[in-house]
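**Student:** Sharing a structure here in structure tokens format.
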Amino acid sequence: MKKIIVLLVLLVSVNKVLAEGPPVEWEKTFGGSLDDLGISVKQTMDGGYIIAGSTNSYGAGNDDLWIIKVDFDGNDIWNNTFGGSGHDFANSVQQTTDGGYVIAGKSSSYGAGNDDVYIIKLSADCIDQPRSDLTGDCKVDFRDFAVIASEWLDCNLDPPETCRE
Ligand SMILES: [Ca+2]
Ligand SMILES: [Ca+2]
């Protein structure tokens with residue numbers, strides 16, 4: 001009886017080891033003919049993903065820090081390289097509460113010599129800017145109201161259009 005239980009336990013654990021993981025929803029590659037590397041990825045508020053890494057295929061020469069924004073299905077929304085003629089890498093990326101992004105890495109192109117800490121802050125994505133967004137942060141909130149209010153005040157409470165040249 002003991003032997004049977006041991007055998008059953010073994011079978012169950014072997015089954016666990018051999019179990020397949022979840023199915024692939026999508027997979028993508030980004031890059032050119034030289035070395036390109038993803039280091040950090042995070043899901044973003046819009047359901048897409050932000051990826052940080054480095055590219056030798058594009059940019060200013062040697063490795064450049066490479067940021068890629070993809071949508072929910074992994075389609076490239078935008079991408080950008082940062083760095084100079086030296087070696088520039090991203091280590092980590094995440095979205096910030098203002099909808100922008102902050103990236104940490106290292107750069108030998110800039111700074112005091114050899115590798116230096118390299119931090120980049122990007123503002124929020126603004127692919128569809130609302131018409132009433134006057135502050136350029138891609139959303140309509142009290143800051144836009146403050147801009148309108150100050151325009152009316154500047155115009156002695158007449159419609160601001162009448163004060164514009
Ligand atoms: Ca490549
Ligand atoms: Ca570079």
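By convention here, the chains of the structure tokens are called A, B, ... in the order presented, each chain's residues are numbered starting at 1, and ligands are numbered starting at 1 in the order presented.
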Using DSSP on the backbone, list every residue of region 73-149 of chain A that comes out as alpha helix (DSSP H), and give them as a ChimeraX atom specification.

**Tutor:** /A:142-149

**Student:** Restricting the output to N, CA and C atoms, write the selected residues as a PDB file, in the first residue's frame.

**Tutor:**
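The result, written out as again_34.pdb:
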ATOM      1  N   PHE A 142      -8.718  70.438 -14.241  1.00  0.00           N
ATOM      2  CA  PHE A 142      -8.819  71.783 -13.662  1.00  0.00           C
ATOM      3  C   PHE A 142      -7.712  72.705 -14.165  1.00  0.00           C
ATOM      4  N   ARG A 143      -6.588  72.133 -14.608  1.00  0.00           N
ATOM      5  CA  ARG A 143      -5.502  72.979 -15.110  1.00  0.00           C
ATOM      6  C   ARG A 143      -5.923  73.691 -16.393  1.00  0.00           C
ATOM      7  N   ASP A 144      -6.686  72.980 -17.222  1.00  0.00           N
ATOM      8  CA  ASP A 144      -7.184  73.609 -18.446  1.00  0.00           C
ATOM      9  C   ASP A 144      -8.198  74.701 -18.093  1.00  0.00           C
ATOM     10  N   PHE A 145      -9.017  74.430 -17.081  1.00  0.00           N
ATOM     11  CA  PHE A 145      -9.977  75.430 -16.610  1.00  0.00           C
ATOM     12  C   PHE A 145      -9.237  76.675 -16.122  1.00  0.00           C
ATOM     13  N   ALA A 146      -8.116  76.468 -15.408  1.00  0.00           N
ATOM     14  CA  ALA A 146      -7.324  77.593 -14.892  1.00  0.00           C
ATOM     15  C   ALA A 146      -6.774  78.432 -16.039  1.00  0.00           C
ATOM     16  N   VAL A 147      -6.381  77.777 -17.127  1.00  0.00           N
ATOM     17  CA  VAL A 147      -5.870  78.509 -18.293  1.00  0.00           C
ATOM     18  C   VAL A 147      -6.977  79.386 -18.871  1.00  0.00           C
ATOM     19  N   ILE A 148      -8.183  78.793 -19.018  1.00  0.00           N
ATOM     20  CA  ILE A 148      -9.313  79.553 -19.568  1.00  0.00           C
ATOM     21  C   ILE A 148      -9.647  80.731 -18.647  1.00  0.00           C
ATOM     22  N   ALA A 149      -9.698  80.440 -17.327  1.00  0.00           N
ATOM     23  CA  ALA A 149     -10.041  81.496 -16.360  1.00  0.00           C
ATOM     24  C   ALA A 149      -9.039  82.643 -16.448  1.00  0.00           C
TER      25      ALA A 149
END

**Student:** Counting only C-alpha atoms and all ligand atoms, what residues are within 7 Å of ligand 2, given as a ChimeraX atom specification?

**Tutor:** /A:59-64,83-88,109

**Student:** Grab the residues selected above and save them as a PDB file, in the first residue's frame with N, CA and C atoms.

**Tutor:**
ATOM      1  N   GLY A  59      19.847  54.306 -33.954  1.00  0.00           N
ATOM      2  CA  GLY A  59      20.277  55.321 -33.003  1.00  0.00           C
ATOM      3  C   GLY A  59      21.618  55.937 -33.376  1.00  0.00           C
ATOM      4  N   ALA A  60      22.322  56.389 -32.340  1.00  0.00           N
ATOM      5  CA  ALA A  60      23.482  57.271 -32.525  1.00  0.00           C
ATOM      6  C   ALA A  60      24.813  56.537 -32.595  1.00  0.00           C
ATOM      7  N   GLY A  61      24.791  55.229 -32.511  1.00  0.00           N
ATOM      8  CA  GLY A  61      26.049  54.502 -32.607  1.00  0.00           C
ATOM      9  C   GLY A  61      26.329  53.713 -31.349  1.00  0.00           C
ATOM     10  N   ASN A  62      27.022  52.577 -31.484  1.00  0.00           N
ATOM     11  CA  ASN A  62      27.181  51.615 -30.399  1.00  0.00           C
ATOM     12  C   ASN A  62      25.802  51.320 -29.810  1.00  0.00           C
ATOM     13  N   ASP A  63      25.730  50.876 -28.580  1.00  0.00           N
ATOM     14  CA  ASP A  63      24.400  50.597 -28.023  1.00  0.00           C
ATOM     15  C   ASP A  63      23.697  51.897 -27.686  1.00  0.00           C
ATOM     16  N   ASP A  64      22.418  51.964 -28.005  1.00  0.00           N
ATOM     17  CA  ASP A  64      21.574  53.080 -27.584  1.00  0.00           C
ATOM     18  C   ASP A  64      20.433  52.539 -26.748  1.00  0.00           C
ATOM     19  N   GLY A  83      20.669  58.330 -26.435  1.00  0.00           N
ATOM     20  CA  GLY A  83      22.085  58.070 -26.215  1.00  0.00           C
ATOM     21  C   GLY A  83      22.934  58.741 -27.267  1.00  0.00           C
ATOM     22  N   GLY A  84      24.227  58.676 -27.054  1.00  0.00           N
ATOM     23  CA  GLY A  84      25.171  59.284 -27.986  1.00  0.00           C
ATOM     24  C   GLY A  84      26.053  58.230 -28.614  1.00  0.00           C
ATOM     25  N   SER A  85      27.285  58.585 -28.862  1.00  0.00           N
ATOM     26  CA  SER A  85      28.168  57.682 -29.606  1.00  0.00           C
ATOM     27  C   SER A  85      28.724  56.550 -28.737  1.00  0.00           C
ATOM     28  N   GLY A  86      28.597  56.683 -27.408  1.00  0.00           N
ATOM     29  CA  GLY A  86      29.080  55.624 -26.514  1.00  0.00           C
ATOM     30  C   GLY A  86      28.045  54.524 -26.331  1.00  0.00           C
ATOM     31  N   HIS A  87      28.151  53.817 -25.210  1.00  0.00           N
ATOM     32  CA  HIS A  87      27.227  52.709 -24.925  1.00  0.00           C
ATOM     33  C   HIS A  87      26.151  53.187 -23.953  1.00  0.00           C
ATOM     34  N   ASP A  88      24.906  52.991 -24.348  1.00  0.00           N
ATOM     35  CA  ASP A  88      23.769  53.491 -23.565  1.00  0.00           C
ATOM     36  C   ASP A  88      22.757  52.359 -23.411  1.00  0.00           C
ATOM     37  N   SER A 109      28.012  57.762 -22.987  1.00  0.00           N
ATOM     38  CA  SER A 109      28.042  58.892 -23.934  1.00  0.00           C
ATOM     39  C   SER A 109      28.037  60.228 -23.202  1.00  0.00           C
TER      40      SER A 109
END

**Student:** Excluding same-chain residues fewer than 4 positions from Asn80 (chain A), what lies within 10 Å of it counting only C-alpha atoms, as a count of residues only?

**Tutor:** 9

**Student:** Name each residue within 9 Å of ligand 1, counting only C-alpha atoms and all ligand atoms, as a VMD selection string.

**Tutor:** chain A and resid 29 to 37 55 to 57

**Student:** Between CA of Gly99 (chain A) and CA of Met45 (chain A), what is the distance in Å, rounded to a tenth?

**Tutor:**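 If I compute the distance from CA of Gly99 (chain A) to CA of Met45 (chain A), I get 7.6 Å.
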
**Student:** Would you kindly return, as an mmCIF file with N, CA and C atoms, in the first residue's frame, each protein, DNA or RNA residue with an atom no farther than 10 Å from any atom of Val117 (chain A), considering only C-alpha atoms and excluding same-chain residues fewer than 5 positions away?

**Tutor:**
data_model
loop_
_atom_site.group_PDB
_atom_site.id
_atom_site.type_symbol
_atom_site.label_atom_id
_atom_site.label_comp_id
_atom_site.auth_asym_id
_atom_site.auth_seq_id
_atom_site.Cartn_x
_atom_site.Cartn_y
_atom_site.Cartn_z
ATOM 1 N N ASP A 88 24.906 52.991 -24.348
ATOM 2 C CA ASP A 88 23.769 53.491 -23.565
ATOM 3 C C ASP A 88 22.757 52.359 -23.411
ATOM 4 N N PHE A 89 22.407 52.072 -22.178
ATOM 5 C CA PHE A 89 21.517 50.940 -21.898
ATOM 6 C C PHE A 89 20.390 51.348 -20.957
ATOM 7 N N ALA A 90 19.236 50.717 -21.105
ATOM 8 C CA ALA A 90 18.153 50.841 -20.120
ATOM 9 C C ALA A 90 18.187 49.614 -19.214
ATOM 10 N N ALA A 104 15.456 54.103 -16.213
ATOM 11 C CA ALA A 104 16.775 54.156 -15.581
ATOM 12 C C ALA A 104 17.726 53.258 -16.350
ATOM 13 N N GLY A 105 18.938 53.719 -16.515
ATOM 14 C CA GLY A 105 19.938 52.923 -17.214
ATOM 15 C C GLY A 105 21.308 53.483 -16.982
ATOM 16 N N LYS A 106 22.178 53.266 -17.951
ATOM 17 C CA LYS A 106 23.525 53.829 -17.828
ATOM 18 C C LYS A 106 23.997 54.314 -19.184
ATOM 19 N N SER A 107 24.898 55.276 -19.154
ATOM 20 C CA SER A 107 25.391 55.882 -20.388
ATOM 21 C C SER A 107 26.877 56.147 -20.277
ATOM 22 N N SER A 108 27.605 55.788 -21.314
ATOM 23 C CA SER A 108 29.010 56.221 -21.391
ATOM 24 C C SER A 108 29.145 57.380 -22.375
ATOM 25 N N TYR A 110 27.344 60.257 -22.069
ATOM 26 C CA TYR A 110 27.158 61.504 -21.332
ATOM 27 C C TYR A 110 27.692 61.347 -19.909
ATOM 28 N N GLY A 111 27.801 62.472 -19.201
ATOM 29 C CA GLY A 111 28.179 62.423 -17.791
ATOM 30 C C GLY A 111 29.670 62.623 -17.583
ATOM 31 N N ALA A 112 30.171 62.067 -16.491
ATOM 32 C CA ALA A 112 31.508 62.414 -16.000
ATOM 33 C C ALA A 112 32.608 61.486 -16.496
#
